[in-house]
Amino acid sequence: MKIVVFGGSGRLGSTLIPYLKSSGHNVYHNFIDKSTNFRVDLTEFVGVERVLNLYKPEIIINLAAFTDVDQCEQKPILAYLVNVKIVENIVKWIKLNNNNCHLIQLSSDHLYNGTGPHKEDNHALTNYYSYSKFMGELVASKVSSTILRTNFIGRSQCKLRRSMTDWLMDSILSKKPFIVFEDVFFSPLSLGKLSELIEIVVRKPIPGLYNMGSKNGLSKADLAFTFADLLNLKTDFMRRNSSTSIKLRSYRPKDMRLDSSLFENTFKIKLPTLKDELINLKSLYELYPR
């Protein structure tokens with residue numbers, strides 16, 4: 001399959017792109033190092049058009065996103081440009097070329113709040129980040145697209161972007177006190193599993209909006225202590241507390257757990273539990289520099 005990946009230099013792209021290439025796909029992407037195939041301003045249609053006219057992909061995977069929740073509140077125009085305008089440019093090209101190119105749009109579990117697990121129609125927009133990602137979904141749905149609401153953990157291959165489990169490992173090893181939230185729940189997948197699932201969508205691009213997360217989910221505090229226990233790490237400096245114990249610039253959802261049954265039933269796949277994902281990450285973090 002001929003694939004163009006936008007936003008390939010982040011945490012997910014750094015794992016996904018090598019996985020897609022190893023699976024036999026022809027992948028063209030923008031990246032921060034010399035391995036890049038192109039460098040363009042994705043917020044300008046002329047750049048997107050030039051890239052897509054050059055490679056004429058069968059699949060476009062859009063990972064480009066402005067994910068800093070506080071910065072999205074402070075810079076709503078930038079949030080629009082990255083989370084919406086880029087999608088508009090991709091959709092415009094697909095419509096103009098009237099071809100069978102399929103878009104895989106990565107979205108966020110931040111579109112949920114209240115008591116989970118949440119089905120796809122239970123979204124609740126609580127900040128400008130979630131609003132901009134939702135608008136990006138609406139734009140993507142105007143063409144043949146698979147929209148995936150998800151979150152991820154795991155060993156990041158991107159030197160400039162760390163994952164939550166990377167942060168946990170660094171925090172535990174630093175032996176300095178830190179807080180983990182007991183009132184914030186989510187159901188992320190590992191970067192490796194998420195890459196496998198996206199590749200399945202590439203091979204079987206069924207249009208629609210899908211939650212794609214681990215089963216059951218955990219609070220961020222339970223994830224942290226489970227992670228530390230699996231790796232036999234001391235938790236002396238890790239303390240449970242509520243997210244209300246610190247002042248956040250912007251509101252964050254409290255329960256983002258996903259009901260991914262629609263994805264499972266549509267693609268005939270059984271998704272792992274979050275604890276299973278943490279067990280699978282153990283070998284990667286046993287090699288973590290200490």
# chains A, B, ... in the order shown; residues from 1 in each chain; ligands from 1
call {"tool": "select_by_dssp", "arguments": {"residues": "region 127-197 of chain A", "states": "helix (DSSP H, G or I)", "output": "ChimeraX atom specification"}}
result
/A:128-140,164-174,191-197
call {"tool": "closest_atom_pairs", "arguments": {"of": "region 189-284 of chain A", "to": "region 159-173 of chain A", "cutoff": "9 Å", "atoms": "only C-alpha atoms", "output": "CSV"}}
result
residue,atom,partner,partner_atom,distance
A:Ala224,CA,A:Leu168,CA,6.9
A:Phe227,CA,A:Thr165,CA,8.1
A:Ala228,CA,A:Met169,CA,8.1
A:Leu233,CA,A:Ile172,CA,7.5
A:Lys234,CA,A:Ile172,CA,7.3
A:Thr235,CA,A:Ile172,CA,7.0
A:Asp236,CA,A:Ile172,CA,8.6
A:Phe237,CA,A:Ile172,CA,7.1
A:Met238,CA,A:Ile172,CA,7.4
call {"tool": "write_last_selection", "arguments": {"atoms": "C-alpha atoms", "output": "PDB file, in the first residue's frame"}}
result
ATOM      1  CA  ALA A 224       1.582   4.269  37.954  1.00  0.00           C
ATOM      2  CA  PHE A 227       3.777  -0.091  36.296  1.00  0.00           C
ATOM      3  CA  ALA A 228       6.220   0.347  39.200  1.00  0.00           C
ATOM      4  CA  LEU A 233      10.594  -0.113  41.280  1.00  0.00           C
ATOM      5  CA  LYS A 234      10.327   1.617  44.634  1.00  0.00           C
ATOM      6  CA  THR A 235       7.297   3.878  45.075  1.00  0.00           C
ATOM      7  CA  ASP A 236       8.515   5.736  48.187  1.00  0.00           C
ATOM      8  CA  PHE A 237       8.351   9.120  46.445  1.00  0.00           C
ATOM      9  CA  MET A 238       5.062   8.544  44.588  1.00  0.00           C
TER      10      MET A 238
END
call {"tool": "select_by_dssp", "arguments": {"residues": "region 48-151 of chain A", "states": "strand (DSSP E or B)", "output": "ChimeraX atom specification"}}
result
/A:59-62,102-108,118,145-150
call {"tool": "residues_around", "arguments": {"residues": "Phe263 (chain A)", "least_positions_apart": "5", "cutoff": "7 Å", "atoms": "only C-alpha atoms", "output": "ChimeraX atom specification"}}
result
/A:210-212
call {"tool": "write_last_selection", "arguments": {"atoms": "N, CA and C atoms", "output": "PDB file, in the first residue's frame"}}
result
ATOM      1  N   TYR A 210     -14.426   5.511  15.449  1.00  0.00           N
ATOM      2  CA  TYR A 210     -14.249   4.406  16.386  1.00  0.00           C
ATOM      3  C   TYR A 210     -13.402   4.821  17.593  1.00  0.00           C
ATOM      4  N   ASN A 211     -13.833   4.386  18.772  1.00  0.00           N
ATOM      5  CA  ASN A 211     -12.948   4.393  19.929  1.00  0.00           C
ATOM      6  C   ASN A 211     -11.980   3.232  19.775  1.00  0.00           C
ATOM      7  N   MET A 212     -10.728   3.449  20.174  1.00  0.00           N
ATOM      8  CA  MET A 212      -9.728   2.383  20.089  1.00  0.00           C
ATOM      9  C   MET A 212      -8.828   2.470  21.313  1.00  0.00           C
TER      10      MET A 212
END
call {"tool": "closest_atom_pairs", "arguments": {"of": "region 225-251 of chain A", "to": "region 59-83 of chain A", "cutoff": "12 Å", "atoms": "only C-alpha atoms", "output": "CSV"}}
result
residue,atom,partner,partner_atom,distance
A:Lys247,CA,A:Asp70,CA,12.0
A:Leu248,CA,A:Asp70,CA,8.4
A:Arg249,CA,A:Asp70,CA,6.1
A:Ser250,CA,A:Asp70,CA,5.6
A:Tyr251,CA,A:Val69,CA,8.5
call {"tool": "write_last_selection", "arguments": {"atoms": "N, CA and C atoms", "output": "tab-separated table (two decimals), in the first residue's frame"}}
result
chain	number	residue	atom	x	y	z
A	247	LYS	N	-3.21	23.39	40.83
A	247	LYS	CA	-3.92	24.34	39.99
A	247	LYS	C	-3.51	24.15	38.53
A	248	LEU	N	-4.47	23.73	37.71
A	248	LEU	CA	-4.22	23.55	36.28
A	248	LEU	C	-4.72	24.77	35.52
A	249	ARG	N	-4.01	25.15	34.49
A	249	ARG	CA	-4.42	26.32	33.71
A	249	ARG	C	-5.74	26.09	32.98
A	250	SER	N	-5.94	24.85	32.53
A	250	SER	CA	-7.12	24.52	31.74
A	250	SER	C	-7.78	23.26	32.30
A	251	TYR	N	-9.08	23.16	32.11
A	251	TYR	CA	-9.80	22.00	32.60
A	251	TYR	C	-9.40	20.75	31.81
call {"tool": "residues_around", "arguments": {"residues": "Glu88 (chain A)", "least_positions_apart": "5", "cutoff": "9 Å", "atoms": "only C-alpha atoms", "output": "ChimeraX atom specification"}}
result
/A:43,45,93,136,139-140
call {"tool": "write_last_selection", "arguments": {"atoms": "C-alpha atoms", "output": "short mmCIF file (atom, residue, chain, number, x, y, z; two decimals), in the first residue's frame"}}
result
data_model
loop_
_atom_site.label_atom_id
_atom_site.label_comp_id
_atom_site.auth_asym_id
_atom_site.auth_seq_id
_atom_site.Cartn_x
_atom_site.Cartn_y
_atom_site.Cartn_z
CA THR A 43 -1.40 24.50 7.13
CA PHE A 45 -2.95 23.89 0.87
CA TRP A 93 -7.14 17.40 -2.07
CA GLY A 136 -11.08 18.01 12.74
CA VAL A 139 -13.99 17.72 8.44
CA ALA A 140 -12.44 14.25 8.02
#
call {"tool": "residues_around", "arguments": {"residues": "region 179-181 of chain A", "least_positions_apart": "6", "cutoff": "8 Å", "atoms": "only C-alpha atoms", "output": "list in words"}}
result
Ser219, Lys220, Ala221, Ala224, Met238, Arg239, Arg240, Asn241, Ser242 and Ser243 of chain A
call {"tool": "write_last_selection", "arguments": {"atoms": "C-alpha atoms", "output": "mmCIF file, in the first residue's frame"}}
result
data_model
loop_
_atom_site.group_PDB
_atom_site.id
_atom_site.type_symbol
_atom_site.label_atom_id
_atom_site.label_comp_id
_atom_site.auth_asym_id
_atom_site.auth_seq_id
_atom_site.Cartn_x
_atom_site.Cartn_y
_atom_site.Cartn_z
ATOM 1 C CA SER A 219 -6.824 5.636 37.075
ATOM 2 C CA LYS A 220 -3.498 7.299 36.346
ATOM 3 C CA ALA A 221 -2.486 6.508 39.938
ATOM 4 C CA ALA A 224 1.582 4.269 37.954
ATOM 5 C CA MET A 238 5.062 8.544 44.588
ATOM 6 C CA ARG A 239 1.894 9.828 46.257
ATOM 7 C CA ARG A 240 -1.762 9.469 45.286
ATOM 8 C CA ASN A 241 -3.846 12.632 45.217
ATOM 9 C CA SER A 242 -6.721 14.306 43.424
ATOM 10 C CA SER A 243 -6.160 16.366 40.291
#
call {"tool": "closest_residue", "arguments": {"among": "A:Phe186, A:Phe178, A:Tyr129, A:Tyr285", "to": "Leu230 (chain A)", "atoms": "only C-alpha atoms"}}
result
A:Tyr285
call {"tool": "closest_residue", "arguments": {"among": "A:Ile246, A:Val27, A:Ile206, A:Leu52", "to": "Met1 (chain A)", "atoms": "only C-alpha atoms"}}
result
A:Val27
call {"tool": "atom_distance", "arguments": {"atom1": "CA of Tyr19 (chain A)", "atom2": "CA of Pro188 (chain A)"}}
result
18.9 Å
call {"tool": "closest_residue", "arguments": {"among": "A:Glu44, A:Asp259, A:Glu137, A:Asp276", "to": "Ile86 (chain A)", "atoms": "only C-alpha atoms"}}
result
A:Glu44
call {"tool": "atom_distance", "arguments": {"atom1": "CA of Lys254 (chain A)", "atom2": "CA of Thr126 (chain A)"}}
result
10.5 Å
call {"tool": "residues_around", "arguments": {"residues": "Tyr112 (chain A)", "least_positions_apart": "5", "cutoff": "8 Å", "atoms": "only C-alpha atoms", "output": "PyMOL selection string"}}
result
chain A and resi 118+122-125+253+255-256
call {"tool": "write_last_selection", "arguments": {"atoms": "C-alpha atoms", "output": "PDB file, in the first residue's frame"}}
result
ATOM      1  CA  HIS A 118     -17.826   6.055  26.774  1.00  0.00           C
ATOM      2  CA  ASN A 122     -21.150  10.337  24.264  1.00  0.00           C
ATOM      3  CA  HIS A 123     -18.615  13.089  23.555  1.00  0.00           C
ATOM      4  CA  ALA A 124     -18.372  16.141  25.839  1.00  0.00           C
ATOM      5  CA  LEU A 125     -16.123  19.022  24.793  1.00  0.00           C
ATOM      6  CA  PRO A 253     -11.553  15.539  31.675  1.00  0.00           C
ATOM      7  CA  ASP A 255     -12.887   9.977  32.983  1.00  0.00           C
ATOM      8  CA  MET A 256     -11.792   9.260  29.414  1.00  0.00           C
TER       9      MET A 256
END
